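Here the structure comes first, spelled out in structure tokens, and everything after it is commentary.
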Amino acid sequence: MNRTVRTRFAPSPTGFMHIGNLRTGLYAYLFARKNKGVFILRIEDTDRERKVDGAVEMVYRTLKIAGIDHDEGPDKDGGYGPYVQTERMGIYKQYAEKLVELGGAYYCFCDKERLESLKDGNGVHTYDKHCRNLDSAEVRRRLEAGEPYVIRQKVPEGTVSEYEDLVFGRISVESSDIEDGILLKSDGLPTYNFANVVDDHLMGITHVIRGTEYLSSTPKYNMIYDAFGWERPTYMHLPPIMKDATRKLSKRFGDANFEDFIAKGYLPEAIVNYIALLGWCPKDNREKMTMEEMTEAFDVDGISHSSSIFDETKMRWLNGEYLKAMSKEEFYNAALPWIEKAVDGKNYDRAELASLMQTRVDILGEIPEKLAFLNGYGEYDLSMYEHRKMKVDKSVALAAVRLAEEALSSLEDWSEDSIKECVVQGAERGGMKSGQVMFSMRVALTGEPVTPGGAIEMAVVLGKEESLARLAFSAQLLERNL
RNA sequence: GGCCCUAUGGUCAAGUGGUCUAAGACAUCGCCCUUUCACGGCGGUAACCCGAGUUCGAACCUCGGUAGGGUCACCA
């Protein structure tokens, strides 16, 4: 009795994959995994106009990177193929004709002009069922005469269509509110509505998981299942992800696009983790979860009914948590490409830079700007030497920088400990507080008010030669501008 | 406009009639730690859309309003 759960993700290859899309796929995946079911990828590419080259490959790539792997799809035949809609074109017409025989659909010969004339004051037109009751002889005659036609759904009259949505509960729509929509276009190809129902049935989909834009048209789909005598699937509709209170996340606006986030230095697992949380909350309120943990915790009860606003700030935070949770080696490997960008071929200690960065960035993409001081050193604004709490001004700074320069010039062992000891002793000899020296030295070494580490760490990173050169440069700069 | 859906802090959200003088997280603010920036720790500000009902009792149930979203194509 219990059928194996089969869910599907059916993107249309019209560009990149945005976060909302991906979440729909993720939930379908989690639901299938949670129920030991099968997750299917289907490509809905019937829209020739909007089709984008390479978009199919991008779907594969995105799912792979995101860790959402399908059991069946164009590249993994499970016996229910083809999984690409344009390769299934032959089958829809015969099903549409069969539905006419079964009394669930009818031929319609109305032309566009007539349809236009049906518009009401709001520009909305509802088909008046003009051809619904043509007698079969006339239909046959006109078909044989080669008149163009479409096949329309014959919506039962005077009934209420109901279904139980897994997240929204009971949805019911009166049949008088449902139009006799077109199933098969005059070019012989199916409309999305029809192709979708036929495909879902033929592929044995048990749970249809998709956005709420289909919530109110689902009764219409159910009528098709009913007319065929097919078992209706269970539905799970997902509220939309918004850009702000009134706008859905859109492809055109901003970058709610998976690959863009990857390019900005987000970790795939952090993105996936974050979007899972948009519209779903596990029973125990956990936030940071692996795919396995999400699968385990996934539960329809925790899916919210209302839309949620995408918040990159929180996703950044989550990404930072992933970064901090990495081992030193893992972080080093992940950060290296970004460090190389900042280092620009110079001989800095990558591992040292990586360990400096690990707790200081939320996304890898911040690394180059944080390390800009390595290559962007030159004349800088001397006002950053003014520090009242530390009792430092330009003249104090000059003394401090000279002190540091002198103390360090003869230091052999350029390690953190000895640099520190050397600077502290130098400060003592010169009668200054070590904090004053450290502060001045840090600014002198980097030319930046904010740096990813203290004076000692900066000195280690820059190395002896560069450090001394910069201290000398800063001393001169200060002297000239006193 | 018809129909469908939704409504807890700035954001994500817990909450399914009493334990709500409403969790937790992000953001924000303050303090501690600290030679800077972070990390970490501690604490603060901040919400049940409005109005009627039902009930001894309502964020939770019902109805109405308001606001927002979706949908009404020979697009998917």
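Residues are named by chain letter and number: chains run A, B, ... in the order of the structure tokens, numbers start at 1 in each chain, and ligands are numbered from 1 in the order shown.
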
Next item on the list: Apply DSSP to the structure's backbone, then extract all residues of segment 233-393 of chain A labelled strand (DSSP E) and return them as an MDAnalysis selection string.
Entry: chainID A and resid 234:238 241:242 308:309

Kindly provide the residues of chain A that approach chain B to within 8 Å, each paired with its closest atom pair and their distance in Å to one decimal, based on only C-alpha atoms (C1' of nucleotides), listed by chain and increasing number, as JSON lines.
```
{"residue": "A:Ser12", "atom": "CA", "partner": "B:A76", "partner_atom": "C1'", "distance": 7.3}
{"residue": "A:Glu44", "atom": "CA", "partner": "B:A76", "partner_atom": "C1'", "distance": 7.9}
{"residue": "A:Thr46", "atom": "CA", "partner": "B:A76", "partner_atom": "C1'", "distance": 7.9}
{"residue": "A:Asp47", "atom": "CA", "partner": "B:A76", "partner_atom": "C1'", "distance": 6.9}
{"residue": "A:Asn122", "atom": "CA", "partner": "B:G1", "partner_atom": "C1'", "distance": 6.5}
{"residue": "A:Val124", "atom": "CA", "partner": "B:C72", "partner_atom": "C1'", "distance": 7.1}
{"residue": "A:Val150", "atom": "CA", "partner": "B:C74", "partner_atom": "C1'", "distance": 7.5}
{"residue": "A:Ile171", "atom": "CA", "partner": "B:C4", "partner_atom": "C1'", "distance": 7.9}
{"residue": "A:Val173", "atom": "CA", "partner": "B:C3", "partner_atom": "C1'", "distance": 7.6}
{"residue": "A:Asp177", "atom": "CA", "partner": "B:C3", "partner_atom": "C1'", "distance": 6.5}
{"residue": "A:Ile182", "atom": "CA", "partner": "B:C74", "partner_atom": "C1'", "distance": 7.0}
{"residue": "A:Leu184", "atom": "CA", "partner": "B:C74", "partner_atom": "C1'", "distance": 7.8}
{"residue": "A:Lys185", "atom": "CA", "partner": "B:C74", "partner_atom": "C1'", "distance": 4.8}
{"residue": "A:Ser186", "atom": "CA", "partner": "B:C74", "partner_atom": "C1'", "distance": 6.3}
{"residue": "A:Thr191", "atom": "CA", "partner": "B:C74", "partner_atom": "C1'", "distance": 7.8}
{"residue": "A:Tyr192", "atom": "CA", "partner": "B:A76", "partner_atom": "C1'", "distance": 6.0}
{"residue": "A:Thr212", "atom": "CA", "partner": "B:G70", "partner_atom": "C1'", "distance": 6.8}
{"residue": "A:Glu213", "atom": "CA", "partner": "B:G70", "partner_atom": "C1'", "distance": 5.3}
{"residue": "A:Tyr214", "atom": "CA", "partner": "B:U71", "partner_atom": "C1'", "distance": 7.9}
{"residue": "A:Leu215", "atom": "CA", "partner": "B:C4", "partner_atom": "C1'", "distance": 7.2}
{"residue": "A:Ser216", "atom": "CA", "partner": "B:C4", "partner_atom": "C1'", "distance": 5.0}
{"residue": "A:Ser217", "atom": "CA", "partner": "B:U71", "partner_atom": "C1'", "distance": 7.4}
{"residue": "A:Ala245", "atom": "CA", "partner": "B:G68", "partner_atom": "C1'", "distance": 7.6}
{"residue": "A:Thr246", "atom": "CA", "partner": "B:G68", "partner_atom": "C1'", "distance": 6.7}
{"residue": "A:Leu277", "atom": "CA", "partner": "B:C12", "partner_atom": "C1'", "distance": 7.5}
{"residue": "A:Leu278", "atom": "CA", "partner": "B:C12", "partner_atom": "C1'", "distance": 6.8}
{"residue": "A:Cys281", "atom": "CA", "partner": "B:A13", "partner_atom": "C1'", "distance": 7.4}
{"residue": "A:Asn285", "atom": "CA", "partner": "B:G24", "partner_atom": "C1'", "distance": 7.2}
{"residue": "A:Glu287", "atom": "CA", "partner": "B:A25", "partner_atom": "C1'", "distance": 7.6}
{"residue": "A:His305", "atom": "CA", "partner": "B:U6", "partner_atom": "C1'", "distance": 6.6}
{"residue": "A:Ser306", "atom": "CA", "partner": "B:U6", "partner_atom": "C1'", "distance": 5.2}
{"residue": "A:Ser307", "atom": "CA", "partner": "B:U6", "partner_atom": "C1'", "distance": 7.7}
{"residue": "A:Ser308", "atom": "CA", "partner": "B:C12", "partner_atom": "C1'", "distance": 7.6}
{"residue": "A:Ile309", "atom": "CA", "partner": "B:U11", "partner_atom": "C1'", "distance": 7.2}
{"residue": "A:Asp311", "atom": "CA", "partner": "B:U11", "partner_atom": "C1'", "distance": 6.5}
{"residue": "A:Thr313", "atom": "CA", "partner": "B:C26", "partner_atom": "C1'", "distance": 7.1}
{"residue": "A:Lys314", "atom": "CA", "partner": "B:C26", "partner_atom": "C1'", "distance": 4.9}
{"residue": "A:Trp317", "atom": "CA", "partner": "B:C26", "partner_atom": "C1'", "distance": 7.3}
{"residue": "A:Thr359", "atom": "CA", "partner": "B:C39", "partner_atom": "C1'", "distance": 5.7}
{"residue": "A:Arg360", "atom": "CA", "partner": "B:A38", "partner_atom": "C1'", "distance": 5.1}
{"residue": "A:Ser434", "atom": "CA", "partner": "B:U35", "partner_atom": "C1'", "distance": 7.2}
{"residue": "A:Gly435", "atom": "CA", "partner": "B:U35", "partner_atom": "C1'", "distance": 4.5}
{"residue": "A:Gln436", "atom": "CA", "partner": "B:U35", "partner_atom": "C1'", "distance": 7.3}
{"residue": "A:Val437", "atom": "CA", "partner": "B:U35", "partner_atom": "C1'", "distance": 7.9}
{"residue": "A:Met438", "atom": "CA", "partner": "B:U35", "partner_atom": "C1'", "distance": 5.0}
{"residue": "A:Phe439", "atom": "CA", "partner": "B:U35", "partner_atom": "C1'", "distance": 5.6}
{"residue": "A:Arg442", "atom": "CA", "partner": "B:U36", "partner_atom": "C1'", "distance": 7.5}
{"residue": "A:Pro449", "atom": "CA", "partner": "B:U36", "partner_atom": "C1'", "distance": 7.7}
{"residue": "A:Val450", "atom": "CA", "partner": "B:C37", "partner_atom": "C1'", "distance": 5.7}
{"residue": "A:Thr451", "atom": "CA", "partner": "B:C37", "partner_atom": "C1'", "distance": 5.6}
{"residue": "A:Pro452", "atom": "CA", "partner": "B:C37", "partner_atom": "C1'", "distance": 5.6}
{"residue": "A:Gly453", "atom": "CA", "partner": "B:C37", "partner_atom": "C1'", "distance": 6.3}
{"residue": "A:Gly454", "atom": "CA", "partner": "B:U36", "partner_atom": "C1'", "distance": 5.6}
{"residue": "A:Ala455", "atom": "CA", "partner": "B:U35", "partner_atom": "C1'", "distance": 7.2}
```

Those same residues - N, CA and C atoms - I'd like them written as a short mmCIF file (atom, residue, chain, number, x, y, z; two decimals), in the first residue's frame.
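Ended up saving to again-v3.cif:
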```cif
data_model
loop_
_atom_site.label_atom_id
_atom_site.label_comp_id
_atom_site.auth_asym_id
_atom_site.auth_seq_id
_atom_site.Cartn_x
_atom_site.Cartn_y
_atom_site.Cartn_z
N SER A 12 13.21 25.10 -14.96
CA SER A 12 13.29 25.35 -16.39
C SER A 12 14.60 26.10 -16.63
N GLU A 44 12.36 21.14 -17.47
CA GLU A 44 11.17 21.62 -18.17
C GLU A 44 11.59 22.72 -19.14
N THR A 46 10.33 23.45 -22.26
CA THR A 46 9.45 23.65 -23.41
C THR A 46 9.38 25.10 -23.87
N ASP A 47 9.86 26.00 -23.06
CA ASP A 47 9.82 27.41 -23.46
C ASP A 47 11.05 27.75 -24.29
N ASN A 122 -11.68 44.39 -16.38
CA ASN A 122 -10.33 44.38 -15.84
C ASN A 122 -9.31 43.79 -16.81
N VAL A 124 -9.48 40.90 -17.87
CA VAL A 124 -9.37 39.47 -17.61
C VAL A 124 -10.42 38.75 -18.43
N VAL A 150 -7.73 23.64 -30.40
CA VAL A 150 -6.98 23.33 -29.18
C VAL A 150 -7.83 22.33 -28.42
N ILE A 171 -7.60 23.03 1.09
CA ILE A 171 -7.80 24.08 0.10
C ILE A 171 -9.01 23.68 -0.73
N VAL A 173 -11.79 25.01 -3.83
CA VAL A 173 -12.13 26.00 -4.83
C VAL A 173 -13.38 25.52 -5.57
N ASP A 177 -15.14 28.69 -10.45
CA ASP A 177 -14.02 29.62 -10.46
C ASP A 177 -12.86 29.10 -11.30
N ILE A 182 -6.71 25.63 -21.59
CA ILE A 182 -6.16 24.90 -22.72
C ILE A 182 -5.13 23.87 -22.24
N LEU A 184 -3.90 21.37 -24.72
CA LEU A 184 -3.06 21.15 -25.89
C LEU A 184 -3.22 22.35 -26.83
N LYS A 185 -2.11 22.97 -27.16
CA LYS A 185 -2.14 24.17 -27.98
C LYS A 185 -2.39 23.83 -29.43
N SER A 186 -2.68 24.87 -30.22
CA SER A 186 -3.01 24.62 -31.63
C SER A 186 -1.81 24.08 -32.40
N THR A 191 0.31 22.62 -22.93
CA THR A 191 0.64 23.75 -22.06
C THR A 191 1.36 23.16 -20.85
N TYR A 192 1.98 24.03 -20.11
CA TYR A 192 2.72 23.59 -18.94
C TYR A 192 1.82 22.78 -17.99
N THR A 212 4.03 28.37 -3.77
CA THR A 212 2.60 28.64 -3.56
C THR A 212 1.90 29.22 -4.79
N GLU A 213 2.66 29.58 -5.80
CA GLU A 213 1.97 30.11 -6.98
C GLU A 213 1.04 29.06 -7.57
N TYR A 214 1.20 27.81 -7.17
CA TYR A 214 0.35 26.74 -7.70
C TYR A 214 -0.75 26.33 -6.72
N LEU A 215 -0.74 26.95 -5.58
CA LEU A 215 -1.68 26.54 -4.54
C LEU A 215 -3.13 26.56 -5.01
N SER A 216 -3.50 27.66 -5.65
CA SER A 216 -4.92 27.76 -6.03
C SER A 216 -5.23 27.13 -7.37
N SER A 217 -4.23 26.75 -8.13
CA SER A 217 -4.55 26.08 -9.39
C SER A 217 -4.46 24.56 -9.26
N ALA A 245 9.45 43.37 2.02
CA ALA A 245 8.09 43.04 2.42
C ALA A 245 7.13 42.81 1.25
N THR A 246 7.39 43.45 0.13
CA THR A 246 6.42 43.32 -0.95
C THR A 246 6.94 42.73 -2.25
N LEU A 277 16.65 27.19 6.31
CA LEU A 277 16.04 27.85 7.45
C LEU A 277 15.02 28.93 7.07
N LEU A 278 15.00 29.27 5.81
CA LEU A 278 14.03 30.27 5.36
C LEU A 278 12.71 29.57 5.10
N CYS A 281 11.75 25.47 10.28
CA CYS A 281 12.45 25.50 11.56
C CYS A 281 12.37 24.12 12.17
N ASN A 285 14.98 23.77 17.12
CA ASN A 285 15.47 25.11 16.88
C ASN A 285 16.93 25.24 16.51
N GLU A 287 20.24 25.74 14.37
CA GLU A 287 20.44 26.57 13.18
C GLU A 287 21.55 26.02 12.30
N HIS A 305 3.85 29.09 6.95
CA HIS A 305 2.82 29.39 5.96
C HIS A 305 3.03 30.75 5.31
N SER A 306 3.86 31.54 5.90
CA SER A 306 4.00 32.89 5.37
C SER A 306 5.36 33.08 4.71
N SER A 307 5.44 34.07 3.87
CA SER A 307 6.66 34.31 3.14
C SER A 307 7.76 34.80 4.08
N SER A 308 8.99 34.65 3.65
CA SER A 308 10.08 35.15 4.49
C SER A 308 11.05 35.96 3.65
N ILE A 309 11.67 36.90 4.30
CA ILE A 309 12.57 37.81 3.62
C ILE A 309 14.00 37.31 3.71
N ASP A 311 17.76 37.40 4.09
CA ASP A 311 18.60 38.32 4.85
C ASP A 311 20.06 37.90 4.72
N THR A 313 22.67 39.32 5.69
CA THR A 313 23.45 39.53 6.91
C THR A 313 23.50 38.26 7.76
N LYS A 314 22.37 37.62 7.86
CA LYS A 314 22.36 36.40 8.67
C LYS A 314 23.08 35.26 7.97
N TRP A 317 26.67 35.66 8.68
CA TRP A 317 27.01 35.19 10.02
C TRP A 317 27.17 33.67 10.02
N THR A 359 39.31 34.03 12.06
CA THR A 359 38.27 34.58 12.94
C THR A 359 37.86 35.99 12.53
N ARG A 360 38.45 36.48 11.46
CA ARG A 360 38.18 37.88 11.11
C ARG A 360 37.33 38.11 9.88
N SER A 434 54.48 50.27 26.61
CA SER A 434 54.55 49.37 25.46
C SER A 434 53.32 49.51 24.56
N GLY A 435 52.19 49.80 25.16
CA GLY A 435 50.98 50.00 24.36
C GLY A 435 51.14 51.12 23.36
N GLN A 436 51.81 52.20 23.79
CA GLN A 436 52.03 53.33 22.89
C GLN A 436 52.91 52.94 21.71
N VAL A 437 53.89 52.15 22.02
CA VAL A 437 54.80 51.72 20.96
C VAL A 437 54.10 50.75 20.01
N MET A 438 53.36 49.81 20.60
CA MET A 438 52.66 48.82 19.79
C MET A 438 51.67 49.50 18.85
N PHE A 439 50.93 50.42 19.42
CA PHE A 439 49.93 51.09 18.62
C PHE A 439 50.56 51.85 17.45
N ARG A 442 52.04 49.52 14.84
CA ARG A 442 51.03 48.86 14.01
C ARG A 442 50.60 49.78 12.86
N PRO A 449 44.17 52.19 9.77
CA PRO A 449 43.64 52.33 11.12
C PRO A 449 43.15 51.00 11.67
N VAL A 450 42.68 50.17 10.80
CA VAL A 450 42.16 48.88 11.22
C VAL A 450 42.96 47.79 10.53
N THR A 451 43.47 46.86 11.31
CA THR A 451 44.29 45.81 10.72
C THR A 451 43.91 44.44 11.27
N PRO A 452 44.18 43.42 10.53
CA PRO A 452 43.79 42.08 10.96
C PRO A 452 44.79 41.48 11.93
N GLY A 453 45.08 42.18 12.98
CA GLY A 453 46.03 41.64 13.94
C GLY A 453 46.80 42.80 14.57
N GLY A 454 47.54 42.50 15.61
CA GLY A 454 48.28 43.54 16.30
C GLY A 454 49.63 43.82 15.67
N ALA A 455 50.37 44.74 16.31
CA ALA A 455 51.67 45.17 15.78
C ALA A 455 52.61 43.99 15.58
#
```

Margin query: Report as a VMD selection string all protein, DNA and RNA residues lying within 8 Å of U8 of chain B, evaluated on only C-alpha atoms (C1' of nucleotides), omitting residues in the same chain fewer than 3 positions from it.
Written below: chain B and resid 47 to 48 59

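The space between atom CA of Glu448 of chain A and atom C1' of G41 of chain B spans 28.4 Å.
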
Item checked: Residues near Arg8 of chain A, cut-off 6 Å, only C-alpha atoms (C1' of nucleotides), skip fewer than 6 positions along chain, as a list of chain:residue names -> A:Phe39, A:Ile40, A:Leu41

Next item on the list: Return the single residue from A:Asp111, A:Glu321, A:Glu296, A:Asp135 that is closest to Lys36 of chain A, with distances computed using only C-alpha atoms.
Entry: A:Glu296

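Near Asp75 of chain A, within a cut-off of 12 Å and counting only C-alpha atoms (C1' of nucleotides), sit the residues Ile40, Leu41, Arg42, Ile43, Val56, Glu57, Tyr60, Asp69, Gly81, Pro82, Tyr83 and Val84 of chain A, with same-chain residues fewer than 6 positions away left out.
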
Tell me which protein, DNA and RNA residues are within 9 Å of Val461 of chain A, counting only C-alpha atoms (C1' of nucleotides), leaving out same-chain ones fewer than 3 positions away, and put them as a PDB file with C-alpha atoms, in the first residue's frame.
```pdb
ATOM      1  CA  TYR A 348      54.475  36.182   2.597  1.00  0.00           C
ATOM      2  CA  ASP A 349      53.679  33.320   4.911  1.00  0.00           C
ATOM      3  CA  ARG A 350      50.329  32.031   3.634  1.00  0.00           C
ATOM      4  CA  GLU A 352      50.228  32.762   8.988  1.00  0.00           C
ATOM      5  CA  LEU A 353      47.890  34.954   6.957  1.00  0.00           C
ATOM      6  CA  LEU A 374      50.427  44.006   2.170  1.00  0.00           C
ATOM      7  CA  ILE A 456      53.576  41.990  16.478  1.00  0.00           C
ATOM      8  CA  GLU A 457      51.475  39.892  14.151  1.00  0.00           C
ATOM      9  CA  MET A 458      51.829  42.476  11.416  1.00  0.00           C
ATOM     10  CA  LYS A 464      62.020  41.693   8.974  1.00  0.00           C
ATOM     11  CA  SER A 467      58.967  45.758   8.512  1.00  0.00           C
TER      12      SER A 467
END
```

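Remark: for U45 of chain B, the closest of the candidate residues B:U21, B:G65, B:G10, B:U28 is B:U28 (distances computed over only C-alpha atoms (C1' of nucleotides)).
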